Structure formats: structure tokens, C-alpha cells
>>> print(open('model_1.json').read())   # JSON, C-alpha atoms
[["chain", "number", "residue", "atom", "x", "y", "z"],
["A", 1, "MET", "CA", 0.00, 0.00, 0.00],
["A", 2, "ASN", "CA", 1.89, 3.04, -1.27],
["A", 3, "PRO", "CA", -0.11, 5.96, 0.23],
["A", 4, "PRO", "CA", 0.05, 6.44, 4.00],
["A", 5, "ALA", "CA", -2.57, 4.26, 5.72],
["A", 6, "LEU", "CA", -4.36, 4.76, 9.01],
["A", 7, "VAL", "CA", -4.47, 1.52, 10.98],
["A", 8, "GLY", "CA", -6.92, 1.68, 13.87],
["A", 9, "GLY", "CA", -7.03, -1.19, 16.34],
["A", 10, "ARG", "CA", -8.52, -1.85, 19.73],
["A", 11, "LEU", "CA", -6.72, -3.04, 22.86],
["A", 12, "ASP", "CA", -8.66, -5.72, 24.75],
["A", 13, "GLY", "CA", -8.98, -8.93, 22.77],
["A", 14, "THR", "CA", -6.92, -7.51, 19.90],
["A", 15, "LEU", "CA", -3.56, -5.95, 20.75],
["A", 16, "LEU", "CA", -3.64, -7.27, 24.33],
["A", 17, "ASN", "CA", -3.40, -11.01, 24.90],
["A", 18, "SER", "CA", -5.55, -12.86, 27.43],
["A", 19, "GLN", "CA", -3.08, -11.92, 30.18],
["A", 20, "GLY", "CA", -3.65, -8.24, 29.40],
["A", 21, "THR", "CA", -0.16, -7.58, 28.02],
["A", 22, "ILE", "CA", 1.25, -6.55, 24.63],
["A", 23, "SER", "CA", 3.74, -8.99, 23.15],
["A", 24, "SER", "CA", 7.16, -7.83, 21.93],
["A", 25, "ASN", "CA", 6.24, -9.23, 18.49],
["A", 26, "ASN", "CA", 3.19, -6.95, 18.25],
["A", 27, "ILE", "CA", 5.21, -3.94, 19.43],
["A", 28, "GLN", "CA", 7.95, -4.61, 16.88],
["A", 29, "ALA", "CA", 5.45, -4.98, 14.02],
["A", 30, "ILE", "CA", 3.73, -1.69, 14.92],
["A", 31, "ARG", "CA", 7.08, 0.11, 15.04],
["A", 32, "GLN", "CA", 7.97, -1.27, 11.62],
["A", 33, "VAL", "CA", 4.66, -0.07, 10.17],
["A", 34, "MET", "CA", 5.29, 3.41, 11.62],
["A", 35, "GLU", "CA", 8.80, 3.41, 10.13],
["A", 36, "ASN", "CA", 7.10, 2.88, 6.76],
["A", 37, "HIS", "CA", 5.26, 6.20, 7.33],
["A", 38, "HIS", "CA", 1.85, 4.73, 8.16],
["A", 39, "ILE", "CA", -0.25, 5.95, 11.10],
["A", 40, "VAL", "CA", -1.15, 3.37, 13.77],
["A", 41, "ALA", "CA", -3.77, 4.39, 16.32],
["A", 42, "ILE", "CA", -5.52, 2.80, 19.29],
["A", 43, "ALA", "CA", -9.34, 2.86, 19.31],
["A", 44, "THR", "CA", -10.66, 1.75, 22.68],
["A", 45, "GLY", "CA", -13.27, 2.12, 25.36],
["A", 46, "ARG", "CA", -10.49, 2.75, 27.87],
["A", 47, "THR", "CA", -9.51, 6.22, 29.07],
["A", 48, "TYR", "CA", -6.71, 8.13, 27.38],
["A", 49, "PHE", "CA", -4.63, 8.21, 30.57],
["A", 50, "GLY", "CA", -5.27, 4.48, 31.00],
["A", 51, "VAL", "CA", -3.92, 3.76, 27.51],
["A", 52, "ARG", "CA", -0.84, 5.89, 28.12],
["A", 53, "SER", "CA", -0.21, 4.04, 31.39],
["A", 54, "LEU", "CA", -0.56, 0.70, 29.63],
["A", 55, "LEU", "CA", 1.68, 1.56, 26.66],
["A", 56, "GLN", "CA", 4.20, 3.43, 28.84],
["A", 57, "SER", "CA", 7.17, 4.42, 26.67],
["A", 58, "ARG", "CA", 7.08, 1.34, 24.45],
["A", 59, "LEU", "CA", 4.74, 2.91, 21.88],
["A", 60, "THR", "CA", 3.66, 6.50, 21.27],
["A", 61, "LEU", "CA", 0.47, 6.42, 19.22],
["A", 62, "PRO", "CA", -2.62, 8.52, 18.50],
["A", 63, "VAL", "CA", -5.48, 7.38, 20.75],
["A", 64, "ILE", "CA", -9.24, 7.31, 20.22],
["A", 65, "ALA", "CA", -10.37, 6.79, 23.82],
["A", 66, "SER", "CA", -13.64, 6.26, 25.69],
["A", 67, "ASN", "CA", -15.27, 4.85, 22.50],
["A", 68, "GLY", "CA", -14.53, 8.06, 20.59],
["A", 69, "ALA", "CA", -15.26, 10.64, 23.29],
["A", 70, "THR", "CA", -11.65, 11.88, 23.20],
["A", 71, "ILE", "CA", -9.16, 11.85, 20.35],
["A", 72, "HIS", "CA", -5.49, 12.54, 20.96],
["A", 73, "SER", "CA", -2.66, 12.97, 18.48],
["A", 74, "GLN", "CA", 0.57, 11.00, 18.60],
["A", 75, "GLU", "CA", 2.13, 13.93, 20.48],
["A", 76, "GLY", "CA", -0.67, 13.80, 23.06],
["A", 77, "SER", "CA", -2.58, 16.93, 22.10],
["A", 78, "LEU", "CA", -6.37, 16.79, 22.28],
["A", 79, "ILE", "CA", -7.79, 16.80, 18.74],
["A", 80, "GLY", "CA", -11.42, 16.48, 19.73],
["A", 81, "GLU", "CA", -13.74, 15.66, 22.62],
["A", 82, "THR", "CA", -17.45, 14.93, 22.98],
["A", 83, "VAL", "CA", -18.84, 15.01, 26.50],
["A", 84, "LEU", "CA", -22.05, 13.52, 27.83],
["A", 85, "ASP", "CA", -24.81, 16.08, 28.21],
["A", 86, "ARG", "CA", -24.93, 17.14, 31.88],
["A", 87, "GLN", "CA", -28.61, 16.33, 32.36],
["A", 88, "THR", "CA", -28.11, 12.96, 30.68],
["A", 89, "ALA", "CA", -25.16, 12.18, 32.93],
["A", 90, "LYS", "CA", -27.29, 13.09, 35.95],
["A", 91, "LYS", "CA", -30.09, 10.75, 34.80],
["A", 92, "ILE", "CA", -27.63, 7.87, 34.40],
["A", 93, "ILE", "CA", -25.85, 8.47, 37.70],
["A", 94, "ASP", "CA", -29.14, 8.84, 39.60],
["A", 95, "TYR", "CA", -30.46, 5.60, 38.12],
["A", 96, "LEU", "CA", -27.31, 3.58, 38.87],
["A", 97, "LEU", "CA", -27.16, 4.93, 42.43],
["A", 98, "GLU", "CA", -30.83, 4.04, 42.99],
["A", 99, "GLN", "CA", -30.15, 0.51, 41.76],
["A", 100, "HIS", "CA", -26.99, 0.39, 43.92],
["A", 101, "MET", "CA", -24.93, -0.77, 40.94],
["A", 102, "TYR", "CA", -21.18, -0.50, 40.48],
["A", 103, "PHE", "CA", -20.26, 2.09, 37.88],
["A", 104, "GLU", "CA", -17.37, 4.22, 36.59],
["A", 105, "ILE", "CA", -17.41, 7.85, 35.46],
["A", 106, "THR", "CA", -14.68, 8.77, 32.99],
["A", 107, "THR", "CA", -13.42, 12.34, 33.33],
["A", 108, "ASP", "CA", -10.34, 14.02, 31.86],
["A", 109, "LYS", "CA", -8.08, 12.96, 34.73],
["A", 110, "GLN", "CA", -9.86, 10.31, 36.80],
["A", 111, "LEU", "CA", -12.04, 7.24, 36.71],
["A", 112, "LEU", "CA", -14.51, 7.79, 39.54],
["A", 113, "ILE", "CA", -16.41, 4.94, 41.21],
["A", 114, "PRO", "CA", -18.88, 4.82, 44.13],
["A", 115, "SER", "CA", -17.31, 4.04, 47.50],
["A", 116, "TYR", "CA", -19.58, 1.00, 47.86],
["A", 117, "GLY", "CA", -18.55, -0.38, 44.45],
["A", 118, "GLU", "CA", -16.21, -3.23, 45.35],
["A", 119, "GLN", "CA", -18.42, -4.52, 48.16],
["A", 120, "GLU", "CA", -21.46, -4.43, 45.86],
["A", 121, "LEU", "CA", -19.72, -6.59, 43.26],
["A", 122, "LYS", "CA", -18.65, -9.06, 45.95],
["A", 123, "SER", "CA", -22.27, -9.32, 47.12],
["A", 124, "GLU", "CA", -23.48, -9.88, 43.54],
["A", 125, "LEU", "CA", -20.92, -12.63, 43.03],
["A", 126, "GLU", "CA", -22.00, -14.33, 46.27],
["A", 127, "GLN", "CA", -25.63, -14.29, 45.10],
["A", 128, "LEU", "CA", -24.61, -15.69, 41.72],
["A", 129, "LYS", "CA", -22.67, -18.48, 43.40],
["A", 130, "LYS", "CA", -25.80, -19.55, 45.29],
["A", 131, "LYS", "CA", -27.63, -19.93, 41.97],
["A", 132, "THR", "CA", -24.74, -21.60, 40.13],
["A", 133, "PRO", "CA", -22.50, -23.37, 42.67],
["A", 134, "ASN", "CA", -20.21, -24.81, 39.99],
["A", 135, "MET", "CA", -19.28, -21.46, 38.44],
["A", 136, "ASP", "CA", -15.64, -20.41, 38.11],
["A", 137, "GLU", "CA", -15.65, -17.81, 40.87],
["A", 138, "ASN", "CA", -11.96, -16.88, 40.52],
["A", 139, "THR", "CA", -12.24, -16.14, 36.79],
["A", 140, "LEU", "CA", -15.35, -14.04, 37.32],
["A", 141, "TRP", "CA", -13.81, -12.06, 40.17],
["A", 142, "GLN", "CA", -10.71, -11.43, 38.06],
["A", 143, "LYS", "CA", -12.92, -9.39, 35.73],
["A", 144, "ALA", "CA", -13.76, -7.10, 38.65],
["A", 145, "LEU", "CA", -10.11, -6.91, 39.69],
["A", 146, "ASN", "CA", -9.26, -5.82, 36.17],
["A", 147, "GLN", "CA", -11.70, -2.92, 36.57],
["A", 148, "PHE", "CA", -10.21, -1.90, 39.92],
["A", 149, "ALA", "CA", -6.67, -2.02, 38.49],
["A", 150, "GLN", "CA", -7.32, 0.69, 35.89],
["A", 151, "ALA", "CA", -5.20, 3.82, 35.95],
["A", 152, "GLY", "CA", -6.73, 6.84, 37.66],
["A", 153, "ILE", "CA", -9.45, 4.92, 39.49],
["A", 154, "SER", "CA", -10.72, 6.75, 42.56],
["A", 155, "PRO", "CA", -13.65, 5.98, 44.92],
["A", 156, "LEU", "CA", -15.88, 8.95, 45.77],
["A", 157, "ASN", "CA", -18.46, 9.07, 48.53],
["A", 158, "ASP", "CA", -20.82, 11.53, 46.84],
["A", 159, "LEU", "CA", -20.66, 11.19, 43.08],
["A", 160, "LYS", "CA", -23.55, 13.64, 42.63],
["A", 161, "THR", "CA", -21.24, 16.49, 43.67],
["A", 162, "LEU", "CA", -19.28, 15.84, 40.48],
["A", 163, "LEU", "CA", -22.16, 17.35, 38.51],
["A", 164, "ASP", "CA", -21.63, 20.68, 40.27],
["A", 165, "ARG", "CA", -18.10, 20.95, 38.89],
["A", 166, "PRO", "CA", -17.02, 21.91, 35.35],
["A", 167, "THR", "CA", -15.31, 18.51, 35.00],
["A", 168, "PRO", "CA", -16.04, 16.91, 31.59],
["A", 169, "ILE", "CA", -17.80, 13.54, 31.71],
["A", 170, "TYR", "CA", -16.88, 11.44, 28.68],
["A", 171, "LYS", "CA", -18.39, 8.07, 29.52],
["A", 172, "ILE", "CA", -20.24, 6.16, 32.22],
["A", 173, "LEU", "CA", -19.80, 2.41, 32.50],
["A", 174, "THR", "CA", -21.66, -0.06, 34.67],
["A", 175, "PHE", "CA", -20.38, -3.55, 35.48],
["A", 176, "SER", "CA", -22.55, -6.17, 37.15],
["A", 177, "TYR", "CA", -22.74, -9.91, 37.80],
["A", 178, "ASN", "CA", -26.53, -9.54, 37.96],
["A", 179, "SER", "CA", -27.79, -10.00, 34.39],
["A", 180, "ASP", "CA", -31.30, -8.88, 35.39],
["A", 181, "LEU", "CA", -29.98, -5.52, 36.61],
["A", 182, "LEU", "CA", -28.05, -5.05, 33.37],
["A", 183, "LEU", "CA", -31.09, -5.91, 31.27],
["A", 184, "GLN", "CA", -33.24, -3.50, 33.27],
["A", 185, "ALA", "CA", -30.68, -0.73, 32.78],
["A", 186, "MET", "CA", -30.52, -1.37, 29.04],
["A", 187, "THR", "CA", -34.31, -1.37, 28.79],
["A", 188, "HIS", "CA", -34.59, 1.80, 30.87],
["A", 189, "PHE", "CA", -32.30, 3.79, 28.55],
["A", 190, "ALA", "CA", -32.97, 1.99, 25.25],
["A", 191, "SER", "CA", -35.31, 4.67, 23.90],
["A", 192, "ASP", "CA", -33.41, 7.64, 25.35],
["A", 193, "SER", "CA", -32.08, 9.60, 22.36],
["A", 194, "SER", "CA", -29.69, 11.59, 24.55],
["A", 195, "VAL", "CA", -27.40, 8.62, 25.13],
["A", 196, "ARG", "CA", -25.83, 5.77, 23.16],
["A", 197, "LEU", "CA", -25.44, 2.35, 24.77],
["A", 198, "THR", "CA", -22.60, 0.03, 23.82],
["A", 199, "SER", "CA", -20.80, -2.94, 25.34],
["A", 200, "SER", "CA", -17.38, -4.55, 25.09],
["A", 201, "SER", "CA", -18.27, -7.65, 27.15],
["A", 202, "SER", "CA", -21.31, -9.37, 28.66],
["A", 203, "PRO", "CA", -21.16, -7.88, 32.20],
["A", 204, "VAL", "CA", -20.75, -4.30, 30.94],
["A", 205, "ILE", "CA", -22.91, -1.45, 29.60],
["A", 206, "GLU", "CA", -21.25, 1.78, 28.46],
["A", 207, "PHE", "CA", -23.08, 5.11, 28.14],
["A", 208, "ILE", "CA", -21.67, 7.68, 25.69],
["A", 209, "SER", "CA", -22.90, 10.66, 23.70],
["A", 210, "PRO", "CA", -25.10, 9.68, 20.71],
["A", 211, "LYS", "CA", -22.87, 11.92, 18.57],
["A", 212, "ILE", "CA", -19.86, 9.63, 18.75],
["A", 213, "ASP", "CA", -18.57, 6.09, 18.34],
["A", 214, "LYS", "CA", -15.27, 4.52, 17.35],
["A", 215, "GLY", "CA", -16.06, 4.95, 13.65],
["A", 216, "VAL", "CA", -16.52, 8.70, 14.05],
["A", 217, "GLY", "CA", -13.24, 8.80, 15.97],
["A", 218, "VAL", "CA", -11.37, 6.96, 13.22],
["A", 219, "LEU", "CA", -12.74, 9.32, 10.55],
["A", 220, "THR", "CA", -11.77, 12.37, 12.64],
["A", 221, "LEU", "CA", -8.24, 11.02, 13.03],
["A", 222, "ALA", "CA", -8.02, 10.20, 9.32],
["A", 223, "ASN", "CA", -8.94, 13.80, 8.47],
["A", 224, "GLN", "CA", -6.36, 15.07, 10.93],
["A", 225, "TYR", "CA", -3.60, 13.11, 9.18],
["A", 226, "HIS", "CA", -5.00, 13.61, 5.65],
["A", 227, "ILE", "CA", -5.63, 9.89, 5.14],
["A", 228, "HIS", "CA", -8.11, 8.95, 2.41],
["A", 229, "ARG", "CA", -10.98, 6.69, 3.39],
["A", 230, "GLU", "CA", -9.80, 3.93, 1.04],
["A", 231, "ASP", "CA", -6.57, 3.84, 3.06],
["A", 232, "ILE", "CA", -8.28, 3.25, 6.42],
["A", 233, "ILE", "CA", -7.67, -0.18, 7.97],
["A", 234, "VAL", "CA", -9.24, -1.34, 11.22],
["A", 235, "ILE", "CA", -8.49, -4.35, 13.41],
["A", 236, "GLY", "CA", -11.02, -5.52, 16.00],
["A", 237, "ASP", "CA", -12.56, -8.42, 17.85],
["A", 238, "ASN", "CA", -15.94, -7.38, 19.20],
["A", 239, "LEU", "CA", -19.32, -6.09, 18.06],
["A", 240, "ASN", "CA", -18.65, -2.65, 19.58],
["A", 241, "ASP", "CA", -16.03, -2.33, 16.81],
["A", 242, "LEU", "CA", -18.78, -2.47, 14.19],
["A", 243, "SER", "CA", -18.84, 1.32, 13.71],
["A", 244, "MET", "CA", -15.15, 1.17, 12.75],
["A", 245, "PHE", "CA", -15.79, -1.68, 10.34],
["A", 246, "GLN", "CA", -18.57, 0.26, 8.64],
["A", 247, "ILE", "CA", -16.29, 3.16, 7.68],
["A", 248, "ALA", "CA", -13.04, 1.29, 6.92],
["A", 249, "HIS", "CA", -11.99, 0.07, 3.50],
["A", 250, "THR", "CA", -10.06, -2.88, 4.94],
["A", 251, "LYS", "CA", -11.46, -4.78, 7.91],
["A", 252, "VAL", "CA", -9.31, -7.23, 9.89],
["A", 253, "VAL", "CA", -10.97, -9.35, 12.54],
["A", 254, "MET", "CA", -9.28, -11.48, 15.17],
["A", 255, "MET", "CA", -9.74, -15.24, 15.23],
["A", 256, "ASN", "CA", -11.19, -14.87, 18.75],
["A", 257, "ALA", "CA", -13.96, -12.55, 17.46],
["A", 258, "PRO", "CA", -17.66, -13.51, 17.14],
["A", 259, "SER", "CA", -18.82, -15.00, 13.86],
["A", 260, "ASP", "CA", -21.02, -12.00, 13.00],
["A", 261, "LEU", "CA", -17.95, -9.78, 12.79],
["A", 262, "LYS", "CA", -16.02, -12.35, 10.78],
["A", 263, "LYS", "CA", -18.74, -12.38, 8.12],
["A", 264, "ILE", "CA", -18.07, -8.76, 7.17],
["A", 265, "SER", "CA", -14.27, -8.88, 7.43],
["A", 266, "THR", "CA", -11.66, -8.54, 4.70],
["A", 267, "TYR", "CA", -9.21, -10.74, 6.59],
["A", 268, "ILE", "CA", -9.43, -13.03, 9.59],
["A", 269, "THR", "CA", -6.10, -12.96, 11.41],
["A", 270, "ARG", "CA", -4.72, -15.08, 14.22],
["A", 271, "SER", "CA", -6.03, -14.76, 17.78],
["A", 272, "ASN", "CA", -4.85, -12.19, 20.30],
["A", 273, "ASP", "CA", -2.82, -14.95, 22.01],
["A", 274, "GLU", "CA", -1.06, -15.71, 18.71],
["A", 275, "ASP", "CA", 0.09, -12.15, 17.88],
["A", 276, "GLY", "CA", -2.75, -11.70, 15.40],
["A", 277, "VAL", "CA", -2.04, -7.97, 15.02],
["A", 278, "ALA", "CA", 1.59, -8.58, 14.02],
["A", 279, "PHE", "CA", 0.54, -11.33, 11.58],
["A", 280, "ALA", "CA", -2.03, -9.06, 9.95],
["A", 281, "LEU", "CA", 0.35, -6.10, 9.62],
["A", 282, "ARG", "CA", 3.17, -8.17, 8.15],
["A", 283, "CYS", "CA", 1.57, -11.00, 6.21],
["A", 284, "GLN", "CA", -1.99, -10.03, 5.31],
["A", 285, "LEU", "CA", -1.72, -6.26, 4.85],
["A", 286, "GLY", "CA", 1.90, -6.03, 3.70],
["A", 287, "LEU", "CA", 2.51, -2.84, 5.70],
["A", 288, "VAL", "CA", 5.94, -4.05, 6.78],
["A", 289, "GLU", "CA", 8.62, -3.98, 4.11],
["A", 290, "LYS", "CA", 10.33, -7.29, 3.52],
["A", 291, "LYS", "CA", 14.05, -6.82, 3.84],
["A", 292, "SER", "CA", 16.15, -8.54, 1.20],
["A", 293, "ARG", "CA", 18.68, -11.03, 2.44]]
>>> encode(input="model_1.json", output="C-alpha cells")
Amino acid sequence: MNPPALVGGRLDGTLLNSQGTISSNNIQAIRQVMENHHIVAIATGRTYFGVRSLLQSRLTLPVIASNGATIHSQEGSLIGETVLDRQTAKKIIDYLLEQHMYFEITTDKQLLIPSYGEQELKSELEQLKKKTPNMDENTLWQKALNQFAQAGISPLNDLKTLLDRPTPIYKILTFSYNSDLLLQAMTHFASDSSVRLTSSSSPVIEFISPKIDKGVGVLTLANQYHIHREDIIVIGDNLNDLSMFQIAHTKVVMMNAPSDLKKISTYITRSNDEDGVAFALRCQLGLVEKKSR
């Protein structure tokens, strides 16, 4: 591919393996693509500061964070942001507090959670264990631990006071082991045009502005770097990547992705535990120059 390409890929289930780390092979392949003057960006539901903490100094990339709510250049400057409407955020926070659910509020510097959050998830898991005694409790609790381990996470006693500050709210996420509570929350906000609901995994619902998604973020970044739409490539593994797939010319899906996403893909690469990103960049997309021996 001669013109510069924009390669947008997500983190969890794509660039990250099942242990939540980025392999040296994936890092090397991305660096080689960048050396060939292509743009490689992260498109994720995670916060911008969370991505920077995860990548550390190994990779410096543009980041589409919080499902498109913030877009940062490779140098770290804010290209664009779309906040949740204040009244909408209040509706969501009030509802989740009334239901006593665990949730996270993404701001520009912190990931705020209710002070009761961890205990609530423990209680939900105990109730679930009574219904399904043979469940893998350790694996399920690890999902909660992954949430608590995020960069910038901070418990707050009175989350409603946040609404009195000028702090931007980019996204609200709720995580629950109670499928009935999640279904009720989805039903409650399903017809609310002031919010968009998305999900990256079964125990999660994410609330963002209806004006944005990952696809909008990728297009914004492509315009910033003067990349033509036919030179946009996306790599993903989940149905919340669909908006990216709809705008990209080339669509790469991980082997560990659901079948619905595979049906609309250009390429199916190896799984996230088999360095599928590196394989796609080198072998399927040809974005890494082959050095003559």
C-alpha cells in the first residue's frame, strides 16, 4: 500500500493477549509499520490516561479513547472531545445509584467509582454463586479486579457532587454480575435519544454521547492526518467495533472474534494470544517492508 494508511485497532482482545499484556512481536510490528510512514492508532473504550499508562514508553500512538469521546494525536494533544450532556449524565448516575450498581465515570483525569462499588460486586458474586455453585468464581472475580486495576481509578463518597463541577464527563460504565440488573438498565435507557449504549463484554454497559462512536473517531483522526478513506484499515474483535468496520476500507478481525464480525471482514487474522495484530500487519496487509537477504 503506497499511500500512508491509518491503521486503527482496539486493545482488549486484539492488541492485548488474554493476560492483558502486549507482546514484543506486536510492538515490533507496529514500530515497523510506523517506520514505513503509516499511522497506527488505538481505538478503545479505555480512558486516554489508561492507555498511556498501559503503553508506557514502548509505543507513542494517537489514541481514540472512551469509545470516541476523546481523540489525541501521537504527540498527546487533544484533537477532539465529545462530552455527555450534563442532564443525561445526571439521569444515568441517579439511576445507577438508585439501583446500587457498580459504575465508573470517565473524566479528563480520573475514573470515579462509588465508595460502595467493590463490596457491591462481591455481594453480587455471592448471590450468583448460590444460583450456580459450579461457576468459576476466581475467573469471574478477576474481571472485577481488572476494573479496579485501571489507571486513575478513585472511589468517591458523593458522586452527585461531580455534577456541580465543570469537570467533563466522557463516559459512564456499569459492570454487574446480575444479568437482570443489566437488562433493566438497558431497557430503561434503550429509547433515550440523549445517550448511546454500547458494550465490550457481557457484564458491561457503556453510556456515551449519541454523537460519537469509534467509527466517528477513526474518521476524525483520518482527516487530521490527511488519510483517504480507502486507506483506512481497522483491526477488532468485538461487536462494539462495528462502527469502525462500517467506515473502513479494509477490515481485519481477530480469530477470537464472534462469527457476525467475521462475516463482514476482509481478513481473519490469528487470535490475540497468537500475535494476530503482528501477523495481519506483516503478512496479510503487507505494511511491513520485507528486507532482502
>>> atom_distance(input="model_1.json", atom1="atom CA of Leu162 of chain A", atom2="atom CA of Tyr177 of chain A")
26.1 Å
>>> residues_around(input="model_1.json", residues="Asp213 of chain A", least_positions_apart="6", cutoff="7 Å", atoms="only C-alpha atoms", output="list in words")
Asn67, Gly68 and Ser243 of chain A
>>> closest_residue(input="model_1.json", among="A:Ala151, A:Ala280, A:Leu54, A:Val83", to="Leu111 of chain A", atoms="only C-alpha atoms")
A:Ala151
>>> residues_near_point(input="model_1.json", point="(-21.2, 14.8, 23.1)", cutoff="6 Å", atoms="all atoms listed in the file", output="list of chain:residue names")
A:Thr82, A:Val83, A:Leu84, A:Ser209, A:Lys211
>>> closest_residue(input="model_1.json", among="A:Thr107, A:Gly286, A:Gln74, A:Pro258", to="Thr167 of chain A", atoms="all atoms listed in the file")
A:Thr107
>>> residues_around(input="model_1.json", residues="segment 9-17 of chain A", least_positions_apart="2", cutoff="8 Å", atoms="only C-alpha atoms", output="number ranges by chain")
A: 7, 19-23, 26, 40-44, 234-238, 254, 256, 271-273, 275-277
>>> atom_distance(input="model_1.json", atom1="atom CA of Arg229 of chain A", atom2="atom CA of Tyr48 of chain A")
24.4 Å
>>> closest_residue(input="model_1.json", among="A:Thr88, A:Phe279, A:Lys109, A:Gln284", to="Thr250 of chain A", atoms="all atoms listed in the file")
A:Gln284
>>> closest_residue(input="model_1.json", among="A:Met34, A:Ile71, A:Met101, A:Ala149", to="Ser53 of chain A", atoms="all atoms listed in the file")
A:Ala149
>>> residues_around(input="model_1.json", residues="Ala69 of chain A", least_positions_apart="3", cutoff="12 Å", atoms="only C-alpha atoms", output="count of residues only")
41
>>> closest_residue(input="model_1.json", among="A:Gln87, A:Gln56, A:Ser259, A:Gln110", to="Ile27 of chain A", atoms="all atoms listed in the file")
A:Gln56
>>> closest_residue(input="model_1.json", among="A:Ile93, A:Ala278, A:Ile268, A:Ala185", to="Lys160 of chain A", atoms="all atoms listed in the file")
A:Ile93
>>> residues_around(input="model_1.json", residues="segment 118-132 of chain A", least_positions_apart="2", cutoff="8 Å", atoms="only C-alpha atoms", output="VMD selection string")
chain A and resid 100 to 102 115 to 116 134 to 135 137 141 144 176 to 178
